[in-house]
>>> print(open('run34.cif').read())   # mmCIF, C-alpha atoms
data_input
loop_
_atom_site.group_PDB
_atom_site.id
_atom_site.type_symbol
_atom_site.label_atom_id
_atom_site.label_comp_id
_atom_site.auth_asym_id
_atom_site.auth_seq_id
_atom_site.Cartn_x
_atom_site.Cartn_y
_atom_site.Cartn_z
ATOM 1 C CA MET Q 73 189.449 78.844 -17.154
ATOM 2 C CA SER Q 74 187.509 78.280 -20.364
ATOM 3 C CA ILE Q 75 184.135 76.500 -20.160
ATOM 4 C CA GLN Q 76 181.952 75.417 -23.052
ATOM 5 C CA VAL Q 77 178.516 73.910 -22.598
ATOM 6 C CA TYR Q 78 177.179 71.833 -25.494
ATOM 7 C CA GLY Q 79 173.451 71.227 -25.808
ATOM 8 C CA ILE Q 80 170.267 72.658 -27.246
ATOM 9 C CA PRO Q 81 168.459 75.748 -25.972
ATOM 10 C CA ASN Q 82 165.047 74.132 -25.427
ATOM 11 C CA CYS Q 83 166.417 71.209 -23.350
ATOM 12 C CA GLY Q 84 165.071 71.392 -19.783
ATOM 13 C CA THR Q 85 168.272 70.025 -18.252
ATOM 14 C CA CYS Q 86 170.355 72.530 -20.234
ATOM 15 C CA LYS Q 87 168.132 75.372 -19.012
ATOM 16 C CA LYS Q 88 168.686 74.282 -15.396
ATOM 17 C CA ALA Q 89 172.433 74.132 -15.986
ATOM 18 C CA PHE Q 90 172.499 77.588 -17.619
ATOM 19 C CA GLN Q 91 170.564 79.086 -14.708
ATOM 20 C CA TRP Q 92 172.835 77.436 -12.154
ATOM 21 C CA LEU Q 93 175.978 78.609 -13.970
ATOM 22 C CA GLN Q 94 174.622 82.168 -14.156
ATOM 23 C CA ASP Q 95 173.591 82.134 -10.484
ATOM 24 C CA SER Q 96 177.076 80.852 -9.592
ATOM 25 C CA GLY Q 97 178.768 83.605 -11.593
ATOM 26 C CA VAL Q 98 180.415 81.168 -14.005
ATOM 27 C CA ASN Q 99 181.276 82.488 -17.450
ATOM 28 C CA TYR Q 100 180.685 79.945 -20.194
ATOM 29 C CA GLU Q 101 180.195 79.656 -23.915
ATOM 30 C CA PHE Q 102 177.082 77.838 -25.113
ATOM 31 C CA ILE Q 103 177.351 75.752 -28.278
ATOM 32 C CA ASN Q 104 174.046 74.682 -29.814
ATOM 33 C CA THR Q 105 174.708 71.166 -31.118
ATOM 34 C CA LYS Q 106 171.709 71.332 -33.433
ATOM 35 C CA GLU Q 107 173.078 74.379 -35.243
ATOM 36 C CA GLN Q 108 176.783 73.571 -34.817
ATOM 37 C CA PRO Q 109 177.193 69.792 -34.593
ATOM 38 C CA PRO Q 110 180.565 68.861 -33.104
ATOM 39 C CA HIS Q 111 183.217 67.446 -35.421
ATOM 40 C CA ARG Q 112 184.048 63.765 -35.315
ATOM 41 C CA GLU Q 113 187.503 64.483 -33.854
ATOM 42 C CA THR Q 114 185.947 66.519 -31.042
ATOM 43 C CA ILE Q 115 183.501 63.736 -30.244
ATOM 44 C CA GLN Q 116 186.342 61.226 -30.295
ATOM 45 C CA SER Q 117 188.193 63.252 -27.644
ATOM 46 C CA TRP Q 118 185.024 63.430 -25.520
ATOM 47 C CA VAL Q 119 184.566 59.664 -25.720
ATOM 48 C CA ALA Q 120 188.224 59.202 -24.759
ATOM 49 C CA ALA Q 121 187.692 61.419 -21.693
ATOM 50 C CA LEU Q 122 184.235 60.248 -20.568
ATOM 51 C CA GLY Q 123 183.512 56.942 -22.306
ATOM 52 C CA PHE Q 124 180.606 56.484 -24.697
ATOM 53 C CA LYS Q 125 178.047 55.089 -22.222
ATOM 54 C CA PRO Q 126 177.446 58.266 -20.191
ATOM 55 C CA MET Q 127 177.310 60.304 -23.398
ATOM 56 C CA ARG Q 128 174.307 58.471 -24.855
ATOM 57 C CA ASN Q 129 170.972 60.293 -24.770
ATOM 58 C CA THR Q 130 168.989 57.132 -24.072
ATOM 59 C CA SER Q 131 165.695 58.992 -23.674
ATOM 60 C CA GLY Q 132 165.668 60.514 -27.150
ATOM 61 C CA GLN Q 133 163.901 59.380 -30.302
ATOM 62 C CA SER Q 134 167.183 59.124 -32.193
ATOM 63 C CA TYR Q 135 168.491 56.583 -29.688
ATOM 64 C CA ARG Q 136 165.319 54.470 -29.776
ATOM 65 C CA ALA Q 137 165.395 54.466 -33.589
ATOM 66 C CA LEU Q 138 168.834 52.809 -33.668
ATOM 67 C CA GLY Q 139 167.578 49.275 -32.991
ATOM 68 C CA ASP Q 140 168.838 46.616 -30.624
ATOM 69 C CA ASP Q 141 172.248 46.092 -32.218
ATOM 70 C CA LYS Q 142 173.326 49.413 -30.631
ATOM 71 C CA ASN Q 143 173.769 47.463 -27.379
ATOM 72 C CA ASN Q 144 176.825 45.762 -28.902
ATOM 73 C CA TRP Q 145 178.436 48.797 -30.524
ATOM 74 C CA THR Q 146 182.067 49.701 -29.957
ATOM 75 C CA SER Q 147 183.317 53.134 -28.932
ATOM 76 C CA GLU Q 148 184.202 53.830 -32.556
ATOM 77 C CA GLN Q 149 180.672 52.956 -33.716
ATOM 78 C CA TRP Q 150 179.270 55.344 -31.103
ATOM 79 C CA VAL Q 151 181.642 58.108 -32.226
ATOM 80 C CA GLU Q 152 180.337 57.662 -35.777
ATOM 81 C CA ALA Q 153 176.717 57.687 -34.590
ATOM 82 C CA PHE Q 154 177.237 60.816 -32.440
ATOM 83 C CA ALA Q 155 178.934 62.535 -35.385
ATOM 84 C CA LYS Q 156 176.022 61.721 -37.711
ATOM 85 C CA ASP Q 157 173.300 62.730 -35.225
ATOM 86 C CA ALA Q 158 174.160 65.126 -32.385
ATOM 87 C CA MET Q 159 170.751 64.423 -30.829
ATOM 88 C CA LEU Q 160 172.248 61.118 -29.654
ATOM 89 C CA LEU Q 161 174.478 63.102 -27.271
ATOM 90 C CA LYS Q 162 173.278 63.478 -23.711
ATOM 91 C CA ARG Q 163 172.939 67.103 -22.672
ATOM 92 C CA PRO Q 164 174.467 69.259 -21.423
ATOM 93 C CA LEU Q 165 178.080 68.320 -22.034
ATOM 94 C CA PHE Q 166 180.678 70.411 -20.193
ATOM 95 C CA VAL Q 167 184.153 71.068 -21.573
ATOM 96 C CA LYS Q 168 186.755 72.736 -19.355
ATOM 97 C CA ASP Q 169 189.980 74.013 -20.909
ATOM 98 C CA GLY Q 170 189.465 71.814 -23.965
ATOM 99 C CA THR Q 171 188.686 68.565 -22.109
ATOM 100 C CA ALA Q 172 185.239 67.028 -21.641
ATOM 101 C CA VAL Q 173 184.641 66.779 -17.895
ATOM 102 C CA LEU Q 174 180.960 66.008 -17.404
ATOM 103 C CA VAL Q 175 177.776 65.123 -19.202
ATOM 104 C CA GLY Q 176 174.356 65.745 -17.690
ATOM 105 C CA PHE Q 177 173.681 68.179 -14.856
ATOM 106 C CA LYS Q 178 174.149 67.444 -11.187
ATOM 107 C CA GLN Q 179 175.168 70.397 -9.023
ATOM 108 C CA ASP Q 180 177.659 68.506 -6.832
ATOM 109 C CA ALA Q 181 179.351 66.876 -9.815
ATOM 110 C CA ILE Q 182 179.642 70.136 -11.721
ATOM 111 C CA ARG Q 183 181.093 71.941 -8.690
ATOM 112 C CA GLU Q 184 183.734 69.235 -8.407
ATOM 113 C CA LYS Q 185 184.533 68.948 -12.131
ATOM 114 C CA LEU Q 186 184.709 72.704 -12.700
ATOM 115 C CA GLY Q 187 186.566 73.369 -9.451
ATOM 116 C CA LEU Q 188 183.924 75.683 -7.973
#
>>> encode(input="run34.cif", output="structure tokens")
Amino acid sequence: MSIQVYGIPNCGTCKKAFQWLQDSGVNYEFINTKEQPPHRETIQSWVAALGFKPMRNTSGQSYRALGDDKNNWTSEQWVEAFAKDAMLLKRPLFVKDGTAVLVGFKQDAIREKLGL
């Protein structure tokens, strides 16, 4: 089983997820989205798997700066926005065996989605 966790190292929720994964003995690869922004095609596959709504980091400055028309955006418009600014992506985002399975960190959900 291959697990990647996308996020940023100073994110509090990411830190909790990293600690939980380590405590649970789960091997994972961390990808810093600030230093290695995901490609548009990758984001498109994540949106196909999870939908764009749960992927939005609605508490960030980047999201607030978008203006009110963002409420009417299509999936494709969100893919473009995520590709231009990875800070719009909610963190952490978990990918298992190449497929996005969860965004955000809730212990019960991650146990289920990762099969732990």
>>> atom_distance(input="run34.cif", atom1="atom CA of Phe166 of chain Q", atom2="atom CA of Cys86 of chain Q")
10.5 Å
>>> resolve_selection(input="run34.cif", expression="the PyMOL selection byres ((chain Q and resi 131) around 12)", output="list in words")
Met127, Arg128, Asn129, Thr130, Gly132, Gln133, Ser134, Tyr135, Arg136, Ala137, Met159, Leu160, Leu161, Lys162 and Arg163 of chain Q
>>> closest_residue(input="run34.cif", among="Q:Ile80, Q:Asp140, Q:Val173, Q:Gln149", to="Pro109 of chain Q", atoms="only C-alpha atoms")
Q:Ile80
>>> closest_residue(input="run34.cif", among="Q:Gln116, Q:Thr171, Q:Ser74, Q:Asn104", to="Ser147 of chain Q", atoms="only C-alpha atoms")
Q:Gln116
>>> resolve_selection(input="run34.cif", expression="the PyMOL selection byres ((chain Q and resi 168) around 12)", output="PyMOL selection string")
chain Q and resi 73-78+98-101+118+121+165-167+169-175+182+184-187
>>> atom_distance(input="run34.cif", atom1="atom CA of Arg112 of chain Q", atom2="atom CA of Phe124 of chain Q")
13.3 Å
>>> atom_distance(input="run34.cif", atom1="atom CA of Gln91 of chain Q", atom2="atom CA of Phe177 of chain Q")
11.3 Å
>>> closest_residue(input="run34.cif", among="Q:Trp92, Q:Ala158, Q:Asn144, Q:Thr114", to="Asp180 of chain Q", atoms="only C-alpha atoms")
Q:Trp92
>>> closest_residue(input="run34.cif", among="Q:Lys87, Q:Pro81, Q:Ile115, Q:Ser96", to="Arg183 of chain Q", atoms="all atoms listed in the file")
Q:Ser96
>>> closest_residue(input="run34.cif", among="Q:Gly79, Q:Pro164, Q:Gly123, Q:Gly97", to="Thr146 of chain Q", atoms="only C-alpha atoms")
Q:Gly123
>>> axis_aligned_box(input="run34.cif", around="segment 126-134 of chain Q", padding_each_side="8 Å", output="lines of an AutoDock Vina configuration file")
center_x = 170.7
center_y = 58.8
center_z = -26.2
size_x = 29.5
size_y = 19.4
size_z = 28.0
>>> closest_residue(input="run34.cif", among="Q:Ile103, Q:Ala89, Q:Ala181, Q:Val119", to="Glu152 of chain Q", atoms="only C-alpha atoms")
Q:Val119
